[in-house]
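**Q** Below is the structure I would like to discuss, written out as structure tokens.
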2 protein chains.
Amino acid sequence: MTHSDAPYSATTFAVDPIGRIESDYPDKFGIPRQPGLAKAARATLVMLPPYDDPLTIRGLDAFSHLWVTFIFHRSPSRWTPLIRPPRLGGNTRVGVFASRSTHRPNRLGLSLVELVAVDTSQGVRLQIQGHDLVNGTPVVDIKPHLPWADTPDSNQAGYAEEPPDTYPVRFAPQAERFLDSRRDGNSLRELVVQVLAQDPRPAYRKGAEQRTYGVRLRDVDVRFQARLTEAGAMLLYVTELVAGSS
Amino acid sequence: MTHSDAPYSATTFAVDPIGRIESDYPDKFGIPRQPGLAKAARATLVMLPPYDDPLTIRGLDAFSHLWVTFIFHRSPSRWTPLIRPPRLGGNTRVGVFASRSTHRPNRLGLSLVELVAVDTSQGVRLQIQGHDLVNGTPVVDIKPHLPWADTPDSNQAGYAEEPPDTYPVRFAPQAERFLDSRRDGNSLRELVVQVLAQDPRPAYRKGAEQRTYGVRLRDVDVRFQARLTEAGAMLLYVTELVAGSS
């Protein structure tokens, strides 16, 4: 038995951030439950010293997608064996390792994101999109996506075989005027639609109701309700957009 | 600015193993350079206390594939900005974050593996295959694979668009007899073929040569050479199989 085969169950490994996320999502609430569900979501992965040497990412711009390993830094370090995935309506419990819950041992997250641009004019800044990362997220690793290694020939995905349902999104006149007044109105509209289409309300709220919810996207408070159409279908209705602090 | 937006570049996160790998690969040498390249490779992921509660994996058996996040515990903690990927012949250097090199900051690895069986008769033991994990590897997270979230619509994969080339594998008579004598002869043969087909020699050795190499698989020393056929094509030739200690 060599030293590296020795028991190490008591070993703790130290993980240092190599970068930090600057993102459209100032808060956890509203963030799509997987990356790729809101393709309009943009962010910058800012490399931290000493990892901000442009050599560290040489050749990365030839890859379209990256795996980002990060820390769920706003989740508590406590964990429980069972969690309630939103996909199951918030009532059924599955094991924490059978889910991608943010409340998990080691608080490690994994997201597949699209790499849009690389800026090495001052340190290293990676422009990414289609992410699900809250502002300030510490990144601990980046790896290139390899389609032939990362796509199984066949697969089964338990309770999550398909992407979640999405709903239509409509805007009140005030919200339309607000978007028209913004330089980033088009991309903000796209982001609001993609985020609300997922119905970000808690899982046990799945019918239409009177209550107004708020989600922050960029520097904007997005206030919305779940409503029923005359035909009885649900949609998400943006009642108001309010400029706030980011 | 809330406390969680505060700078944390000095923060180090602690990561504890949740499990440990018992694997067909006692050594680093010979392990395929991505998971899935040797589908015959079997391993057991043994959950460690307190994560060995069967509740933690409830529902996991309905997923066919898992993402395993682990520590490259046999790689040094030192890193360099540039590495030489075997795919580029060992001469061209790319950034460490444009590769999946084992020599990287935080030593974090990520493998997509197939889940074959779940045993909760005593603690939790997950049977996996198609892995690339050396025996004793500390596992720090498990997440289910979600095809719709983990497969980009389109992608580019830089210098690694396709799986690496593979080569034919042939066995000397002694090696054939050795396999015939083993209870696990069939699965061992399959594993030897899949591992050698990748040509596990160092990247700068790519022609046929006299030298005999050795790779350990399970408890067996596999001795092999690269040879040329009469037509001038390369193959990997198993000169001898020797029972050794695992």
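We label chains A, B, ... in the order they appear in the structure tokens, count residues from 1 in each chain, and number ligands from 1 in the order shown.
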Contacts of Asp61 of chain B at 8 Å or less, counting only C-alpha atoms, minus same-chain residues fewer than 5 places along, as a PyMOL selection string?
**A** (chain A and resi 158) or (chain B and resi 115+117-118)
**Q** Export C-alpha atoms of the chosen residues as a compact mmCIF listing (two decimals), in the first residue's frame?
**A**
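The resulting part_21.txt:
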# COMPACT_ATOMS: atom_id res chain seq x y z
CA GLY A 158 -35.42 9.82 -13.70
CA LEU B 115 -24.68 4.07 -13.14
CA ALA B 117 -26.40 -0.68 -9.90
CA VAL B 118 -27.08 0.67 -6.44
**Q** Need the shell around segment 173-186 of chain A: protein/DNA/RNA residues with any atom at most 7 Å away, counting only C-alpha atoms. Skip same-chain ones fewer than 2 positions apart. Format as a PDB file with all heavy atoms, in the first residue's frame?
**A**
ATOM      1  N   PHE A 171     -46.717  41.808 -20.917  1.00  0.00           N
ATOM      2  CA  PHE A 171     -46.262  43.015 -20.210  1.00  0.00           C
ATOM      3  C   PHE A 171     -47.392  44.039 -20.107  1.00  0.00           C
ATOM      4  O   PHE A 171     -48.072  44.317 -21.101  1.00  0.00           O
ATOM      5  CB  PHE A 171     -45.085  43.659 -20.950  1.00  0.00           C
ATOM      6  CG  PHE A 171     -43.826  42.821 -20.933  1.00  0.00           C
ATOM      7  CD1 PHE A 171     -43.659  41.753 -21.819  1.00  0.00           C
ATOM      8  CD2 PHE A 171     -42.807  43.080 -20.034  1.00  0.00           C
ATOM      9  CE1 PHE A 171     -42.506  40.974 -21.805  1.00  0.00           C
ATOM     10  CE2 PHE A 171     -41.645  42.311 -20.015  1.00  0.00           C
ATOM     11  CZ  PHE A 171     -41.498  41.251 -20.895  1.00  0.00           C
ATOM     12  N   LEU A 188     -33.105  43.127 -22.155  1.00  0.00           N
ATOM     13  CA  LEU A 188     -33.786  42.993 -20.865  1.00  0.00           C
ATOM     14  C   LEU A 188     -35.144  42.318 -21.039  1.00  0.00           C
ATOM     15  O   LEU A 188     -35.521  41.441 -20.258  1.00  0.00           O
ATOM     16  CB  LEU A 188     -33.942  44.370 -20.212  1.00  0.00           C
ATOM     17  CG  LEU A 188     -34.625  44.374 -18.837  1.00  0.00           C
ATOM     18  CD1 LEU A 188     -33.855  43.538 -17.821  1.00  0.00           C
ATOM     19  CD2 LEU A 188     -34.778  45.816 -18.332  1.00  0.00           C
ATOM     20  N   ARG A 189     -35.863  42.692 -22.109  1.00  0.00           N
ATOM     21  CA  ARG A 189     -37.148  42.052 -22.386  1.00  0.00           C
ATOM     22  C   ARG A 189     -36.957  40.539 -22.587  1.00  0.00           C
ATOM     23  O   ARG A 189     -37.682  39.724 -22.014  1.00  0.00           O
ATOM     24  CB  ARG A 189     -37.790  42.637 -23.642  1.00  0.00           C
ATOM     25  CG  ARG A 189     -39.016  41.826 -24.134  1.00  0.00           C
ATOM     26  CD  ARG A 189     -39.431  42.220 -25.537  1.00  0.00           C
ATOM     27  NE  ARG A 189     -39.967  43.564 -25.561  1.00  0.00           N
ATOM     28  CZ  ARG A 189     -41.242  43.872 -25.310  1.00  0.00           C
ATOM     29  NH1 ARG A 189     -42.106  42.903 -25.027  1.00  0.00           N
ATOM     30  NH2 ARG A 189     -41.646  45.106 -25.340  1.00  0.00           N
ATOM     31  N   GLU A 190     -35.958  40.200 -23.360  1.00  0.00           N
ATOM     32  CA  GLU A 190     -35.694  38.789 -23.641  1.00  0.00           C
ATOM     33  C   GLU A 190     -35.403  38.036 -22.337  1.00  0.00           C
ATOM     34  O   GLU A 190     -35.908  36.935 -22.097  1.00  0.00           O
ATOM     35  CB  GLU A 190     -34.481  38.720 -24.578  1.00  0.00           C
ATOM     36  CG  GLU A 190     -34.317  37.443 -25.332  1.00  0.00           C
ATOM     37  CD  GLU A 190     -33.073  37.487 -26.232  1.00  0.00           C
ATOM     38  OE1 GLU A 190     -32.332  38.519 -26.260  1.00  0.00           O
ATOM     39  OE2 GLU A 190     -32.831  36.476 -26.905  1.00  0.00           O
ATOM     40  N   VAL A 238     -46.364  40.742 -16.359  1.00  0.00           N
ATOM     41  CA  VAL A 238     -45.483  41.728 -15.727  1.00  0.00           C
ATOM     42  C   VAL A 238     -46.311  42.971 -15.453  1.00  0.00           C
ATOM     43  O   VAL A 238     -46.702  43.687 -16.379  1.00  0.00           O
ATOM     44  CB  VAL A 238     -44.281  42.065 -16.629  1.00  0.00           C
ATOM     45  CG1 VAL A 238     -43.395  43.118 -15.965  1.00  0.00           C
ATOM     46  CG2 VAL A 238     -43.486  40.799 -16.949  1.00  0.00           C
ATOM     47  N   THR A 239     -46.581  43.229 -14.184  1.00  0.00           N
ATOM     48  CA  THR A 239     -47.419  44.383 -13.832  1.00  0.00           C
ATOM     49  C   THR A 239     -46.622  45.673 -13.853  1.00  0.00           C
ATOM     50  O   THR A 239     -47.153  46.732 -14.167  1.00  0.00           O
ATOM     51  CB  THR A 239     -48.034  44.176 -12.441  1.00  0.00           C
ATOM     52  OG1 THR A 239     -46.979  43.949 -11.497  1.00  0.00           O
ATOM     53  CG2 THR A 239     -48.990  42.990 -12.434  1.00  0.00           C
ATOM     54  N   GLU A 240     -45.345  45.599 -13.551  1.00  0.00           N
ATOM     55  CA  GLU A 240     -44.560  46.823 -13.396  1.00  0.00           C
ATOM     56  C   GLU A 240     -43.068  46.506 -13.454  1.00  0.00           C
ATOM     57  O   GLU A 240     -42.628  45.464 -12.966  1.00  0.00           O
ATOM     58  CB  GLU A 240     -44.892  47.435 -12.023  1.00  0.00           C
ATOM     59  CG  GLU A 240     -44.499  48.878 -11.855  1.00  0.00           C
ATOM     60  CD  GLU A 240     -44.943  49.418 -10.483  1.00  0.00           C
ATOM     61  OE1 GLU A 240     -45.261  48.620  -9.568  1.00  0.00           O
ATOM     62  OE2 GLU A 240     -44.945  50.653 -10.337  1.00  0.00           O
ATOM     63  N   LEU A 241     -42.312  47.425 -14.038  1.00  0.00           N
ATOM     64  CA  LEU A 241     -40.844  47.347 -13.972  1.00  0.00           C
ATOM     65  C   LEU A 241     -40.356  48.596 -13.267  1.00  0.00           C
ATOM     66  O   LEU A 241     -40.779  49.709 -13.605  1.00  0.00           O
ATOM     67  CB  LEU A 241     -40.244  47.252 -15.373  1.00  0.00           C
ATOM     68  CG  LEU A 241     -40.553  45.974 -16.167  1.00  0.00           C
ATOM     69  CD1 LEU A 241     -40.020  46.079 -17.599  1.00  0.00           C
ATOM     70  CD2 LEU A 241     -39.960  44.756 -15.473  1.00  0.00           C
TER      71      LEU A 241
END
**Q** Extract, using only C-alpha atoms, all DNA, RNA and protein residues at most 9 Å from Pro163 of chain B, discarding same-chain residues fewer than 4 positions from it, and format them as a tab-separated table (two decimals) with N, CA, C and O atoms, in the first residue's frame.
**A**
chain	number	residue	atom	x	y	z
A	146	LEU	N	-16.65	18.84	-24.09
A	146	LEU	CA	-16.26	17.93	-25.18
A	146	LEU	C	-17.48	17.10	-25.54
A	146	LEU	O	-17.88	16.21	-24.79
A	148	TRP	N	-18.19	14.60	-27.48
A	148	TRP	CA	-18.09	13.14	-27.55
A	148	TRP	C	-17.87	12.53	-26.18
A	148	TRP	O	-18.18	11.36	-25.97
A	149	ALA	N	-17.32	13.28	-25.24
A	149	ALA	CA	-17.10	12.73	-23.90
A	149	ALA	C	-18.26	13.04	-22.97
A	149	ALA	O	-18.46	12.33	-21.98
B	37	LEU	N	-14.37	6.24	-22.67
B	37	LEU	CA	-13.53	5.66	-23.72
B	37	LEU	C	-13.28	4.18	-23.47
B	37	LEU	O	-13.03	3.43	-24.41
**Q** Write out as a JSON list (two decimals) with C-alpha atoms, in the first residue's frame the residues lying within 12 Å of Met234 of chain A, counting only C-alpha atoms and excluding same-chain residues fewer than 4 positions away.
**A**
[["chain", "number", "residue", "atom", "x", "y", "z"],
["A", 165, "ASP", "CA", -42.88, 23.52, -18.93],
["A", 166, "THR", "CA", -42.81, 27.17, -19.91],
["A", 167, "TYR", "CA", -45.60, 29.74, -19.92],
["A", 168, "PRO", "CA", -46.41, 32.79, -22.07],
["A", 169, "VAL", "CA", -45.27, 36.16, -20.67],
["A", 170, "ARG", "CA", -47.15, 39.44, -21.19],
["A", 196, "LEU", "CA", -40.70, 34.34, -16.06],
["A", 197, "ALA", "CA", -41.56, 31.65, -18.64],
["A", 198, "GLN", "CA", -40.08, 29.15, -16.14],
["A", 199, "ASP", "CA", -42.59, 30.33, -13.50],
["A", 206, "LYS", "CA", -48.69, 26.54, -9.37],
["A", 207, "GLY", "CA", -52.12, 28.00, -10.03],
["A", 208, "ALA", "CA", -53.01, 31.59, -10.81],
["A", 209, "GLU", "CA", -53.38, 33.75, -7.69],
["A", 225, "GLN", "CA", -48.46, 37.83, -11.27],
["A", 226, "ALA", "CA", -49.66, 34.46, -12.52],
["A", 227, "ARG", "CA", -52.95, 34.97, -14.40],
["A", 228, "LEU", "CA", -55.39, 32.87, -16.35],
["A", 229, "THR", "CA", -56.37, 33.62, -19.93],
["A", 230, "GLU", "CA", -60.05, 33.53, -20.89]]
**Q** Contacts of Arg42 of chain A at 10 Å or less, counting only C-alpha atoms, minus same-chain residues fewer than 4 places along, as a PyMOL selection string?
**A** chain A and resi 22-25+38+113-114+116+127-133+187+191+218
**Q** Okay, now the selection with N, CA, C and O atoms, as an mmCIF file, in the first residue's frame?
**A**
data_model
loop_
_atom_site.group_PDB
_atom_site.id
_atom_site.type_symbol
_atom_site.label_atom_id
_atom_site.label_comp_id
_atom_site.auth_asym_id
_atom_site.auth_seq_id
_atom_site.Cartn_x
_atom_site.Cartn_y
_atom_site.Cartn_z
ATOM 1 N N GLU A 22 -19.895 38.142 -12.422
ATOM 2 C CA GLU A 22 -20.690 39.381 -12.427
ATOM 3 C C GLU A 22 -21.884 39.088 -13.314
ATOM 4 O O GLU A 22 -21.717 38.784 -14.493
ATOM 5 N N SER A 23 -23.088 39.164 -12.745
ATOM 6 C CA SER A 23 -24.236 38.564 -13.423
ATOM 7 C C SER A 23 -25.466 39.439 -13.430
ATOM 8 O O SER A 23 -25.620 40.355 -12.633
ATOM 9 N N ASP A 24 -26.397 39.108 -14.353
ATOM 10 C CA ASP A 24 -27.717 39.727 -14.455
ATOM 11 C C ASP A 24 -28.616 39.384 -13.270
ATOM 12 O O ASP A 24 -29.707 39.938 -13.151
ATOM 13 N N TYR A 25 -28.206 38.416 -12.457
ATOM 14 C CA TYR A 25 -29.050 37.935 -11.359
ATOM 15 C C TYR A 25 -28.495 38.400 -10.024
ATOM 16 O O TYR A 25 -27.601 37.772 -9.453
ATOM 17 N N ALA A 38 -32.530 30.083 -19.717
ATOM 18 C CA ALA A 38 -32.663 31.492 -20.081
ATOM 19 C C ALA A 38 -31.405 31.873 -20.851
ATOM 20 O O ALA A 38 -30.405 32.311 -20.278
ATOM 21 N N VAL A 113 -22.267 26.438 -19.695
ATOM 22 C CA VAL A 113 -22.586 27.782 -20.201
ATOM 23 C C VAL A 113 -21.955 27.983 -21.563
ATOM 24 O O VAL A 113 -20.977 27.311 -21.923
ATOM 25 N N GLU A 114 -22.524 28.915 -22.313
ATOM 26 C CA GLU A 114 -21.958 29.233 -23.630
ATOM 27 C C GLU A 114 -20.894 30.322 -23.473
ATOM 28 O O GLU A 114 -21.107 31.311 -22.769
ATOM 29 N N VAL A 116 -19.122 33.326 -25.023
ATOM 30 C CA VAL A 116 -19.446 34.288 -26.079
ATOM 31 C C VAL A 116 -18.214 35.058 -26.523
ATOM 32 O O VAL A 116 -18.011 35.298 -27.712
ATOM 33 N N GLN A 127 -16.922 36.392 -21.291
ATOM 34 C CA GLN A 127 -18.348 36.691 -21.427
ATOM 35 C C GLN A 127 -19.083 35.378 -21.663
ATOM 36 O O GLN A 127 -18.751 34.640 -22.598
ATOM 37 N N ILE A 128 -20.066 35.090 -20.814
ATOM 38 C CA ILE A 128 -20.814 33.838 -20.952
ATOM 39 C C ILE A 128 -22.303 34.141 -21.049
ATOM 40 O O ILE A 128 -22.756 35.226 -20.675
ATOM 41 N N GLN A 129 -23.069 33.208 -21.578
ATOM 42 C CA GLN A 129 -24.523 33.376 -21.568
ATOM 43 C C GLN A 129 -25.212 32.046 -21.357
ATOM 44 O O GLN A 129 -24.603 30.984 -21.436
ATOM 45 N N GLY A 130 -26.534 32.144 -21.062
ATOM 46 C CA GLY A 130 -27.309 30.951 -20.766
ATOM 47 C C GLY A 130 -26.947 30.355 -19.420
ATOM 48 O O GLY A 130 -27.077 29.161 -19.211
ATOM 49 N N HIS A 131 -26.541 31.184 -18.497
ATOM 50 C CA HIS A 131 -26.067 30.691 -17.200
ATOM 51 C C HIS A 131 -27.179 30.776 -16.155
ATOM 52 O O HIS A 131 -28.266 31.286 -16.414
ATOM 53 N N ASP A 132 -26.882 30.260 -14.985
ATOM 54 C CA ASP A 132 -27.823 30.298 -13.861
ATOM 55 C C ASP A 132 -27.086 30.702 -12.592
ATOM 56 O O ASP A 132 -27.321 30.136 -11.527
ATOM 57 N N LEU A 133 -26.205 31.690 -12.709
ATOM 58 C CA LEU A 133 -25.267 32.014 -11.630
ATOM 59 C C LEU A 133 -25.592 33.365 -11.010
ATOM 60 O O LEU A 133 -25.667 34.381 -11.701
ATOM 61 N N SER A 187 -32.609 43.381 -24.841
ATOM 62 C CA SER A 187 -32.029 42.207 -24.161
ATOM 63 C C SER A 187 -32.680 42.017 -22.791
ATOM 64 O O SER A 187 -32.826 40.880 -22.322
ATOM 65 N N LEU A 191 -34.615 38.673 -21.475
ATOM 66 C CA LEU A 191 -34.268 38.033 -20.199
ATOM 67 C C LEU A 191 -35.501 37.867 -19.313
ATOM 68 O O LEU A 191 -35.720 36.801 -18.722
ATOM 69 N N ARG A 218 -30.775 42.324 -13.520
ATOM 70 C CA ARG A 218 -29.890 43.499 -13.640
ATOM 71 C C ARG A 218 -30.229 44.468 -12.507
ATOM 72 O O ARG A 218 -30.305 44.042 -11.354
#
**Q** Need to verify the contact set: Asp141 of chain B, 8 Å, only C-alpha atoms, exclusion of same-chain residues closer than 6 positions in sequence. Can you return it as a ChimeraX atom specification?
**A** /A:97,105-106,108 /B:17-18,68-70
**Q** Store the residues picked out above, limited to N, CA and C atoms, as a PDB file, in the first residue's frame.
**A**
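Listed below is the output, result_32.pdb:
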ATOM      1  N   PHE A  97     -28.245  13.675  -3.522  1.00  0.00           N
ATOM      2  CA  PHE A  97     -27.341  13.340  -4.634  1.00  0.00           C
ATOM      3  C   PHE A  97     -28.098  12.858  -5.870  1.00  0.00           C
ATOM      4  N   PRO A 105     -23.935  18.860   0.426  1.00  0.00           N
ATOM      5  CA  PRO A 105     -22.589  18.792   0.986  1.00  0.00           C
ATOM      6  C   PRO A 105     -21.582  19.430   0.025  1.00  0.00           C
ATOM      7  N   ASN A 106     -20.641  20.132   0.551  1.00  0.00           N
ATOM      8  CA  ASN A 106     -19.562  20.792  -0.211  1.00  0.00           C
ATOM      9  C   ASN A 106     -20.049  21.964  -1.070  1.00  0.00           C
ATOM     10  N   LEU A 108     -21.008  22.407  -3.933  1.00  0.00           N
ATOM     11  CA  LEU A 108     -20.440  22.509  -5.279  1.00  0.00           C
ATOM     12  C   LEU A 108     -21.547  22.563  -6.331  1.00  0.00           C
TER      13      LEU A 108
ATOM     14  N   PRO B  17     -14.422  14.748   1.269  1.00  0.00           N
ATOM     15  CA  PRO B  17     -14.884  13.611   0.467  1.00  0.00           C
ATOM     16  C   PRO B  17     -16.228  13.098   0.974  1.00  0.00           C
ATOM     17  N   ILE B  18     -17.128  12.828   0.033  1.00  0.00           N
ATOM     18  CA  ILE B  18     -18.396  12.168   0.369  1.00  0.00           C
ATOM     19  C   ILE B  18     -18.318  10.682   0.018  1.00  0.00           C
ATOM     20  N   VAL B  68     -19.658  12.907 -11.708  1.00  0.00           N
ATOM     21  CA  VAL B  68     -18.892  12.699 -10.488  1.00  0.00           C
ATOM     22  C   VAL B  68     -17.822  13.796 -10.428  1.00  0.00           C
ATOM     23  N   THR B  69     -17.870  14.591  -9.373  1.00  0.00           N
ATOM     24  CA  THR B  69     -16.822  15.592  -9.144  1.00  0.00           C
ATOM     25  C   THR B  69     -15.866  15.016  -8.110  1.00  0.00           C
ATOM     26  N   PHE B  70     -14.589  15.061  -8.429  1.00  0.00           N
ATOM     27  CA  PHE B  70     -13.618  14.373  -7.567  1.00  0.00           C
ATOM     28  C   PHE B  70     -12.332  15.187  -7.483  1.00  0.00           C
TER      29      PHE B  70
END
**Q** Select, from B:Phe72, B:Phe63, B:Trp79, B:Tyr213, the residue with the minimum atom-to-atom distance to Ser99 of chain A, counting only C-alpha atoms.
**A** B:Phe63
**Q** From a DSSP calculation on the backbone, collect every residue of segment 127-245 of chain A in strand (DSSP E) and output the set as a PyMOL selection string.
**A** chain A and resi 127-129+138-144+169-171+213-217+220-228+234-243
**Q** For Gly136 of chain A, which residue out of A:Ala233, A:Leu45, A:Ala62, A:Leu82 is the nearest one, using only C-alpha atoms?
**A**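 Among the listed residues, A:Leu45 lies closest to Gly136 of chain A.
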**Q** Interatomic distance between atom CA of Ser121 of chain B and atom CA of Val140 of chain B?
**A**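 Atom CA of Val140 of chain B lies at a distance of 22.3 Å from atom CA of Ser121 of chain B.
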**Q** Hey, which of B:Thr137, B:Asp52, B:Trp67, B:Ser75 ends up closest to Gly109 of chain A? Count only C-alpha atoms.
**A**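 Closest candidate: B:Trp67.
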**Q** Need the shell around Val96 of chain A: protein/DNA/RNA residues with any atom at most 8 Å away, counting only C-alpha atoms. Skip same-chain ones fewer than 4 positions apart. Format as a PDB file with C-alpha atoms, in the first residue's frame?
**A**
ATOM      1  CA  THR A  80     -30.084  17.134   4.702  1.00  0.00           C
ATOM      2  CA  PRO A  81     -30.248  13.677   3.060  1.00  0.00           C
ATOM      3  CA  LEU A  82     -33.576  14.444   1.344  1.00  0.00           C
ATOM      4  CA  ILE A  83     -34.674  17.507  -0.644  1.00  0.00           C
ATOM      5  CA  ARG A 100     -28.871  19.310  -8.233  1.00  0.00           C
ATOM      6  CA  SER A 101     -30.205  21.124  -5.198  1.00  0.00           C
ATOM      7  CA  HIS A 103     -28.357  22.800  -0.445  1.00  0.00           C
ATOM      8  CA  ARG A 104     -25.793  20.019  -0.613  1.00  0.00           C
TER       9      ARG A 104
ATOM     10  CA  THR B  56     -29.026  10.593   0.209  1.00  0.00           C
ATOM     11  CA  ILE B  57     -29.352   8.694  -3.085  1.00  0.00           C
ATOM     12  CA  ARG B  58     -33.119   8.027  -3.108  1.00  0.00           C
TER      13      ARG B  58
END
**Q** Atom CA of Ile142 of chain A and atom CA of Thr120 of chain A, how far apart in Å?
**A**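 Atom-to-atom, atom CA of Thr120 of chain A and atom CA of Ile142 of chain A are spaced 16.4 Å apart.
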**Q** Please, what distance in Å, to one decimal, runs between atom CA of His73 of chain A and atom CA of Pro138 of chain A?
**A** 7.1 Å
**Q** Using only C-alpha atoms, find the one residue out of A:Asp16, A:Ser154, A:Asn135, A:Arg74 that sits nearest to Arg216 of chain A.
**A** A:Asn135
**Q** Tell me, which residues of segment 193-237 of chain B carry DSSP alpha helix (DSSP H), written as a PDB file with C-alpha atoms, in the first residue's frame?
**A**
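Produced file selection_12.pdb, reproduced below:
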ATOM      1  CA  VAL B 193      -8.570  -4.017 -25.359  1.00  0.00           C
ATOM      2  CA  GLN B 194     -10.343  -0.756 -24.572  1.00  0.00           C
ATOM      3  CA  VAL B 195      -7.455   0.675 -22.573  1.00  0.00           C
ATOM      4  CA  LEU B 196      -4.701  -0.297 -25.034  1.00  0.00           C
ATOM      5  CA  ALA B 197      -6.794   0.784 -28.063  1.00  0.00           C
TER       6      ALA B 197
END
**Q** Pick the closest to Asp219 of chain B from B:Ser77, B:Ala243, B:Gly232, B:Leu110: which is it, counting only C-alpha atoms?
**A** B:Ala243
**Q** Measuring atom to atom with only C-alpha atoms, identify which of A:Val94, A:Gly19, A:Ala40, A:Leu217 is nearest to Gly59 of chain B.
**A** A:Val94
